[in-house]
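*Asks:* File name structure-v7.cif; file contents mmCIF, C-alpha atoms; full text below.
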```
data_protein
loop_
_atom_site.group_PDB
_atom_site.id
_atom_site.type_symbol
_atom_site.label_atom_id
_atom_site.label_comp_id
_atom_site.auth_asym_id
_atom_site.auth_seq_id
_atom_site.Cartn_x
_atom_site.Cartn_y
_atom_site.Cartn_z
ATOM 1 C CA MET Y 1 -11.120 5.549 13.428
ATOM 2 C CA GLU Y 2 -10.587 6.864 16.937
ATOM 3 C CA PRO Y 3 -8.385 4.998 19.412
ATOM 4 C CA ALA Y 4 -10.412 2.745 21.702
ATOM 5 C CA GLU Y 5 -8.691 3.537 24.984
ATOM 6 C CA PRO Y 6 -7.185 6.564 26.788
ATOM 7 C CA MET Y 7 -3.632 5.177 26.583
ATOM 8 C CA ALA Y 8 -4.067 4.687 22.841
ATOM 9 C CA GLN Y 9 -5.322 8.251 22.541
ATOM 10 C CA GLN Y 10 -2.162 9.492 24.237
ATOM 11 C CA SER Y 11 0.010 7.327 21.964
ATOM 12 C CA ALA Y 12 -1.848 8.585 18.902
ATOM 13 C CA ALA Y 13 -1.369 12.183 20.018
ATOM 14 C CA ARG Y 14 2.371 11.601 20.414
ATOM 15 C CA CYS Y 15 2.569 10.055 16.943
ATOM 16 C CA ARG Y 16 0.572 12.744 15.147
ATOM 17 C CA GLY Y 17 2.621 14.841 12.734
ATOM 18 C CA GLU Y 18 2.171 18.572 12.215
ATOM 19 C CA SER Y 19 0.098 17.921 9.091
ATOM 20 C CA GLY Y 20 -0.296 15.243 6.481
ATOM 21 C CA ALA Y 21 0.540 11.851 7.932
ATOM 22 C CA SER Y 22 -0.815 10.857 11.298
ATOM 23 C CA MET Y 23 -1.154 7.606 13.174
ATOM 24 C CA SER Y 24 -3.789 6.240 15.501
ATOM 25 C CA ARG Y 25 -4.196 2.964 17.339
ATOM 26 C CA ALA Y 26 -7.201 0.861 18.238
ATOM 27 C CA HIS Y 27 -7.610 -2.480 19.979
ATOM 28 C CA GLY Y 28 -9.217 -5.302 18.048
ATOM 29 C CA ARG Y 29 -10.055 -8.929 18.683
ATOM 30 C CA ARG Y 30 -9.776 -11.807 16.262
ATOM 31 C CA SER Y 31 -12.007 -14.821 16.583
ATOM 32 C CA GLY Y 32 -11.308 -18.194 15.053
ATOM 33 C CA ALA Y 33 -7.836 -19.332 14.034
ATOM 34 C CA ARG Y 34 -4.808 -18.039 15.876
ATOM 35 C CA LEU Y 35 -3.147 -15.121 14.139
ATOM 36 C CA HIS Y 36 0.650 -15.246 14.193
ATOM 37 C CA TYR Y 37 2.131 -11.867 14.923
ATOM 38 C CA ALA Y 38 4.307 -10.120 17.501
ATOM 39 C CA THR Y 39 2.088 -9.899 20.574
ATOM 40 C CA MET Y 40 4.323 -7.590 22.597
ATOM 41 C CA GLY Y 41 3.535 -9.634 25.724
ATOM 42 C CA ARG Y 42 -0.219 -9.601 25.105
ATOM 43 C CA ASP Y 43 -2.602 -12.504 24.932
ATOM 44 C CA TRP Y 44 -2.588 -13.891 21.363
ATOM 45 C CA ARG Y 45 -6.297 -13.123 20.979
ATOM 46 C CA SER Y 46 -5.772 -9.374 21.053
ATOM 47 C CA MET Y 47 -4.049 -7.182 18.525
ATOM 48 C CA LEU Y 48 -3.234 -3.544 18.059
ATOM 49 C CA LEU Y 49 -4.218 -1.806 14.845
ATOM 50 C CA TYR Y 50 -2.308 1.270 13.805
ATOM 51 C CA LEU Y 51 -3.768 3.451 11.067
ATOM 52 C CA LEU Y 52 -1.429 5.716 9.146
ATOM 53 C CA ARG Y 53 -2.847 8.242 6.719
ATOM 54 C CA HIS Y 54 -0.738 8.905 3.646
ATOM 55 C CA GLY Y 55 1.599 11.869 3.600
ATOM 56 C CA ALA Y 56 1.096 15.032 1.565
ATOM 57 C CA ALA Y 57 0.742 14.208 -2.126
ATOM 58 C CA GLU Y 58 1.150 16.149 -5.325
ATOM 59 C CA ALA Y 59 -1.923 18.115 -6.440
ATOM 60 C CA ALA Y 60 -2.282 16.183 -9.697
ATOM 61 C CA ALA Y 61 -0.573 13.212 -11.327
ATOM 62 C CA LYS Y 62 0.756 13.412 -14.878
ATOM 63 C CA SER Y 63 -1.815 10.761 -15.810
ATOM 64 C CA GLY Y 64 -4.634 12.868 -14.379
ATOM 65 C CA ARG Y 65 -5.776 9.922 -12.220
ATOM 66 C CA ASP Y 66 -6.197 10.544 -8.505
ATOM 67 C CA ALA Y 67 -4.861 7.048 -7.762
ATOM 68 C CA ASP Y 68 -1.522 7.963 -9.382
ATOM 69 C CA ARG Y 69 -0.727 11.004 -7.208
ATOM 70 C CA ALA Y 70 2.682 10.529 -5.576
ATOM 71 C CA LEU Y 71 3.995 11.802 -2.258
ATOM 72 C CA THR Y 72 5.816 15.108 -2.262
ATOM 73 C CA GLU Y 73 9.245 15.268 -0.636
ATOM 74 C CA GLU Y 74 7.628 17.197 2.227
ATOM 75 C CA GLY Y 75 5.059 14.395 2.540
ATOM 76 C CA ARG Y 76 7.825 11.774 2.703
ATOM 77 C CA GLU Y 77 9.670 13.723 5.396
ATOM 78 C CA LYS Y 78 6.533 14.120 7.534
ATOM 79 C CA VAL Y 79 5.847 10.378 7.269
ATOM 80 C CA ARG Y 80 9.424 9.709 8.416
ATOM 81 C CA ARG Y 81 8.919 11.997 11.447
ATOM 82 C CA VAL Y 82 5.625 10.325 12.429
ATOM 83 C CA ILE Y 83 7.161 6.865 12.066
ATOM 84 C CA ARG Y 84 10.251 7.882 14.016
ATOM 85 C CA ARG Y 85 7.972 8.854 16.925
ATOM 86 C CA ALA Y 86 6.024 5.606 16.603
ATOM 87 C CA ARG Y 87 9.269 3.623 16.596
ATOM 88 C CA GLU Y 88 10.401 5.437 19.745
ATOM 89 C CA GLY Y 89 7.072 4.396 21.269
ATOM 90 C CA GLY Y 90 7.793 0.728 20.560
ATOM 91 C CA LEU Y 91 5.944 0.124 17.271
ATOM 92 C CA TRP Y 92 7.032 -3.122 15.590
ATOM 93 C CA PRO Y 93 4.462 -4.075 12.946
ATOM 94 C CA ALA Y 94 3.811 -7.690 12.111
ATOM 95 C CA LEU Y 95 2.019 -6.716 8.899
ATOM 96 C CA ILE Y 96 1.719 -3.576 6.788
ATOM 97 C CA LEU Y 97 -1.405 -3.190 4.630
ATOM 98 C CA SER Y 98 -1.886 -0.475 2.031
ATOM 99 C CA SER Y 99 -4.301 0.587 -0.639
ATOM 100 C CA PRO Y 100 -2.831 0.285 -4.141
ATOM 101 C CA PHE Y 101 -2.984 4.078 -4.621
ATOM 102 C CA THR Y 102 0.515 5.414 -5.312
ATOM 103 C CA ARG Y 103 0.589 7.845 -2.370
ATOM 104 C CA ALA Y 104 -0.589 5.174 0.089
ATOM 105 C CA LEU Y 105 1.869 2.574 -1.163
ATOM 106 C CA GLU Y 106 4.739 5.078 -1.070
ATOM 107 C CA THR Y 107 3.750 5.978 2.513
ATOM 108 C CA ALA Y 108 3.795 2.283 3.448
ATOM 109 C CA GLN Y 109 7.222 1.883 1.836
ATOM 110 C CA VAL Y 110 8.663 4.881 3.714
ATOM 111 C CA ALA Y 111 7.193 3.520 6.972
ATOM 112 C CA ALA Y 112 8.505 0.011 6.321
ATOM 113 C CA LYS Y 113 12.010 1.290 5.684
ATOM 114 C CA ALA Y 114 11.985 3.512 8.783
ATOM 115 C CA LEU Y 115 10.705 0.632 10.928
ATOM 116 C CA GLY Y 116 13.091 -1.987 9.557
ATOM 117 C CA TYR Y 117 10.089 -3.975 8.295
ATOM 118 C CA GLU Y 118 11.367 -6.477 5.728
ATOM 119 C CA ASP Y 119 8.245 -8.479 4.897
ATOM 120 C CA LYS Y 120 6.018 -7.810 1.907
ATOM 121 C CA ILE Y 121 3.664 -4.837 2.043
ATOM 122 C CA VAL Y 122 0.217 -6.261 1.341
ATOM 123 C CA THR Y 123 -2.033 -4.167 -0.899
ATOM 124 C CA SER Y 124 -5.797 -4.497 -0.822
ATOM 125 C CA ASN Y 125 -8.492 -2.944 -2.974
ATOM 126 C CA ALA Y 126 -10.672 -2.985 0.156
ATOM 127 C CA LEU Y 127 -8.638 0.022 1.311
ATOM 128 C CA ILE Y 128 -9.452 2.129 -1.757
ATOM 129 C CA PRO Y 129 -11.510 5.174 -0.709
ATOM 130 C CA GLU Y 130 -15.019 5.403 -2.073
#
```
How would this structure read if it were set down as structure tokens?
*Replies:*
Amino acid sequence: MEPAEPMAQQSAARCRGESGASMSRAHGRRSGARLHYATMGRDWRSMLLYLLRHGAAEAAAKSGRDADRALTEEGREKVRRVIRRAREGGLWPALILSSPFTRALETAQVAAKALGYEDKIVTSNALIPE
């Protein structure tokens, strides 16, 4: 998903790692019930969505299942660098969502630790690639 505004495009470019993990941002609107999250001075009806692709993963898992491929140490380090840049840019997530795939969940855990995020990482099968 491409960022929805020029400022977001600049932020995404600053947060992009050399390879592997990268982050982009898009504006979204929520209708209906009020969503409780850090608004960063924005109207409560708007939210920022940040998408973080998993870091570099091993070529094959011992189980042979794609879903079980873990991050490499290089992948973990690149995620840390991307998140460090995002943190410097003021990123404070109210919620972290992840697919249940090992590499995605490990990426979310590395990001959460680097961001000081202490809430539960929510996994969703809706985020499993087709």
*Asks:* I need the residue set behind the PyMOL selection byres ((chain Y and resi 107) around 12) for this file; please write it as a PDB file with C-alpha atoms, in the coordinates of the input.
*Replies:*
```pdb
ATOM      1  CA  GLY Y  20      -0.296  15.243   6.481  1.00  0.00           C
ATOM      2  CA  ALA Y  21       0.540  11.851   7.932  1.00  0.00           C
ATOM      3  CA  SER Y  22      -0.815  10.857  11.298  1.00  0.00           C
ATOM      4  CA  MET Y  23      -1.154   7.606  13.174  1.00  0.00           C
ATOM      5  CA  LEU Y  51      -3.768   3.451  11.067  1.00  0.00           C
ATOM      6  CA  LEU Y  52      -1.429   5.716   9.146  1.00  0.00           C
ATOM      7  CA  ARG Y  53      -2.847   8.242   6.719  1.00  0.00           C
ATOM      8  CA  HIS Y  54      -0.738   8.905   3.646  1.00  0.00           C
ATOM      9  CA  GLY Y  55       1.599  11.869   3.600  1.00  0.00           C
ATOM     10  CA  ALA Y  56       1.096  15.032   1.565  1.00  0.00           C
ATOM     11  CA  ALA Y  57       0.742  14.208  -2.126  1.00  0.00           C
ATOM     12  CA  ARG Y  69      -0.727  11.004  -7.208  1.00  0.00           C
ATOM     13  CA  ALA Y  70       2.682  10.529  -5.576  1.00  0.00           C
ATOM     14  CA  LEU Y  71       3.995  11.802  -2.258  1.00  0.00           C
ATOM     15  CA  THR Y  72       5.816  15.108  -2.262  1.00  0.00           C
ATOM     16  CA  GLU Y  73       9.245  15.268  -0.636  1.00  0.00           C
ATOM     17  CA  GLU Y  74       7.628  17.197   2.227  1.00  0.00           C
ATOM     18  CA  GLY Y  75       5.059  14.395   2.540  1.00  0.00           C
ATOM     19  CA  ARG Y  76       7.825  11.774   2.703  1.00  0.00           C
ATOM     20  CA  GLU Y  77       9.670  13.723   5.396  1.00  0.00           C
ATOM     21  CA  LYS Y  78       6.533  14.120   7.534  1.00  0.00           C
ATOM     22  CA  VAL Y  79       5.847  10.378   7.269  1.00  0.00           C
ATOM     23  CA  ARG Y  80       9.424   9.709   8.416  1.00  0.00           C
ATOM     24  CA  ARG Y  81       8.919  11.997  11.447  1.00  0.00           C
ATOM     25  CA  VAL Y  82       5.625  10.325  12.429  1.00  0.00           C
ATOM     26  CA  ILE Y  83       7.161   6.865  12.066  1.00  0.00           C
ATOM     27  CA  ILE Y  96       1.719  -3.576   6.788  1.00  0.00           C
ATOM     28  CA  LEU Y  97      -1.405  -3.190   4.630  1.00  0.00           C
ATOM     29  CA  SER Y  98      -1.886  -0.475   2.031  1.00  0.00           C
ATOM     30  CA  SER Y  99      -4.301   0.587  -0.639  1.00  0.00           C
ATOM     31  CA  PRO Y 100      -2.831   0.285  -4.141  1.00  0.00           C
ATOM     32  CA  PHE Y 101      -2.984   4.078  -4.621  1.00  0.00           C
ATOM     33  CA  THR Y 102       0.515   5.414  -5.312  1.00  0.00           C
ATOM     34  CA  ARG Y 103       0.589   7.845  -2.370  1.00  0.00           C
ATOM     35  CA  ALA Y 104      -0.589   5.174   0.089  1.00  0.00           C
ATOM     36  CA  LEU Y 105       1.869   2.574  -1.163  1.00  0.00           C
ATOM     37  CA  GLU Y 106       4.739   5.078  -1.070  1.00  0.00           C
ATOM     38  CA  ALA Y 108       3.795   2.283   3.448  1.00  0.00           C
ATOM     39  CA  GLN Y 109       7.222   1.883   1.836  1.00  0.00           C
ATOM     40  CA  VAL Y 110       8.663   4.881   3.714  1.00  0.00           C
ATOM     41  CA  ALA Y 111       7.193   3.520   6.972  1.00  0.00           C
ATOM     42  CA  ALA Y 112       8.505   0.011   6.321  1.00  0.00           C
ATOM     43  CA  LYS Y 113      12.010   1.290   5.684  1.00  0.00           C
ATOM     44  CA  ALA Y 114      11.985   3.512   8.783  1.00  0.00           C
ATOM     45  CA  ILE Y 121       3.664  -4.837   2.043  1.00  0.00           C
TER      46      ILE Y 121
END
```
*Asks:* Taking into account only C-alpha atoms, which residue in the set Y:Ala86, Y:Ser124, Y:Tyr117, Y:Gly64 is nearest to Tyr50 of chain Y?
*Replies:*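 Selected residue with least distance to Tyr50 of chain Y: Y:Ala86.
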*Asks:* Under the rule that all atoms listed in the file are counted, which of Y:Ala61, Y:Gly116, Y:Leu49, Y:Thr123 is the nearest residue to Arg87 of chain Y?
*Replies:*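 Closest candidate: Y:Gly116.
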*Asks:* Taking all atoms listed in the file into account, name the residue in Y:Met47, Y:Asp66, Y:Glu88, Y:Ala60 that is nearest to Pro129 of chain Y.
*Replies:* Y:Asp66
*Asks:* What gap, in Å, lies between atom CA of Leu95 of chain Y and atom CA of Ala67 of chain Y?
*Replies:*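 Computing it gives 22.7 Å between the two atoms.
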*Asks:* What is the distance, in Å and to one decimal place, between atom CA of Ala126 of chain Y and atom CA of Lys62 of chain Y?
*Replies:*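 Pair atom CA of Ala126 of chain Y / atom CA of Lys62 of chain Y returns 25.0 Å.
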*Asks:* Once you add 4 Å to each side, what are the centre and edge lengths of the axis-aligned box holding all listed atoms of segment 81-95 of chain Y? One decimal in Å, as AutoDock Vina command-line options, if you can.
*Replies:*
```
--center_x 6.2 --center_y 2.2 --center_z 15.1 --size_x 16.4 --size_y 27.7 --size_z 20.4
```
*Asks:* State, in Å with one decimal place, the distance from atom CA of Asp68 of chain Y to atom CA of Ala94 of chain Y.
*Replies:*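 Interatomic distance, atom CA of Asp68 of chain Y to atom CA of Ala94 of chain Y: 27.1 Å.
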*Asks:* Can we get segment 60-111 of chain Y of that structure written down with C-alpha atoms, as a compact mmCIF listing (two decimals), in the first residue's frame?
*Replies:*
```
# COMPACT_ATOMS: atom_id res chain seq x y z
CA ALA Y 60 13.66 -22.79 4.46
CA ALA Y 61 12.35 -23.84 7.86
CA LYS Y 62 13.29 -27.19 9.39
CA SER Y 63 9.62 -28.15 9.14
CA GLY Y 64 9.56 -27.35 5.43
CA ARG Y 65 6.55 -25.04 5.94
CA ASP Y 66 6.81 -21.51 4.60
CA ALA Y 67 4.87 -20.21 7.62
CA ASP Y 68 7.63 -21.47 9.95
CA ARG Y 69 10.54 -19.56 8.36
CA ALA Y 70 12.26 -17.45 11.03
CA LEU Y 71 14.09 -14.15 10.71
CA THR Y 72 17.82 -14.28 10.14
CA GLU Y 73 20.06 -12.25 12.43
CA GLU Y 74 20.61 -9.85 9.52
CA GLY Y 75 16.83 -9.57 9.15
CA ARG Y 76 16.45 -8.76 12.86
CA GLU Y 77 19.14 -6.08 12.66
CA LYS Y 78 17.55 -4.43 9.61
CA VAL Y 79 14.17 -4.36 11.37
CA ARG Y 80 15.84 -2.69 14.36
CA ARG Y 81 17.36 -0.02 12.07
CA VAL Y 82 14.03 0.69 10.34
CA ILE Y 83 12.23 0.92 13.69
CA ARG Y 84 14.94 3.14 15.15
CA ARG Y 85 14.33 5.60 12.28
CA ALA Y 86 10.57 5.38 12.78
CA ARG Y 87 10.99 6.02 16.50
CA GLU Y 88 13.14 9.07 15.75
CA GLY Y 89 10.29 10.25 13.52
CA GLY Y 90 7.83 10.05 16.41
CA LEU Y 91 6.19 6.64 15.90
CA TRP Y 92 4.28 5.49 19.00
CA PRO Y 93 1.94 2.65 18.02
CA ALA Y 94 -1.32 2.14 19.84
CA LEU Y 95 -1.67 -1.37 18.41
CA ILE Y 96 0.61 -3.84 16.65
CA LEU Y 97 -1.02 -6.42 14.35
CA SER Y 98 0.82 -9.34 12.79
CA SER Y 99 0.16 -12.41 10.73
CA PRO Y 100 0.80 -15.63 12.66
CA PHE Y 101 3.70 -16.54 10.33
CA THR Y 102 6.89 -16.91 12.37
CA ARG Y 103 8.88 -14.27 10.46
CA ALA Y 104 6.06 -11.71 10.73
CA LEU Y 105 5.51 -12.33 14.43
CA GLU Y 106 9.24 -12.14 15.14
CA THR Y 107 9.37 -8.84 13.21
CA ALA Y 108 6.49 -7.50 15.31
CA GLN Y 109 8.26 -8.59 18.50
CA VAL Y 110 11.52 -6.88 17.49
CA ALA Y 111 9.57 -3.72 16.60
```
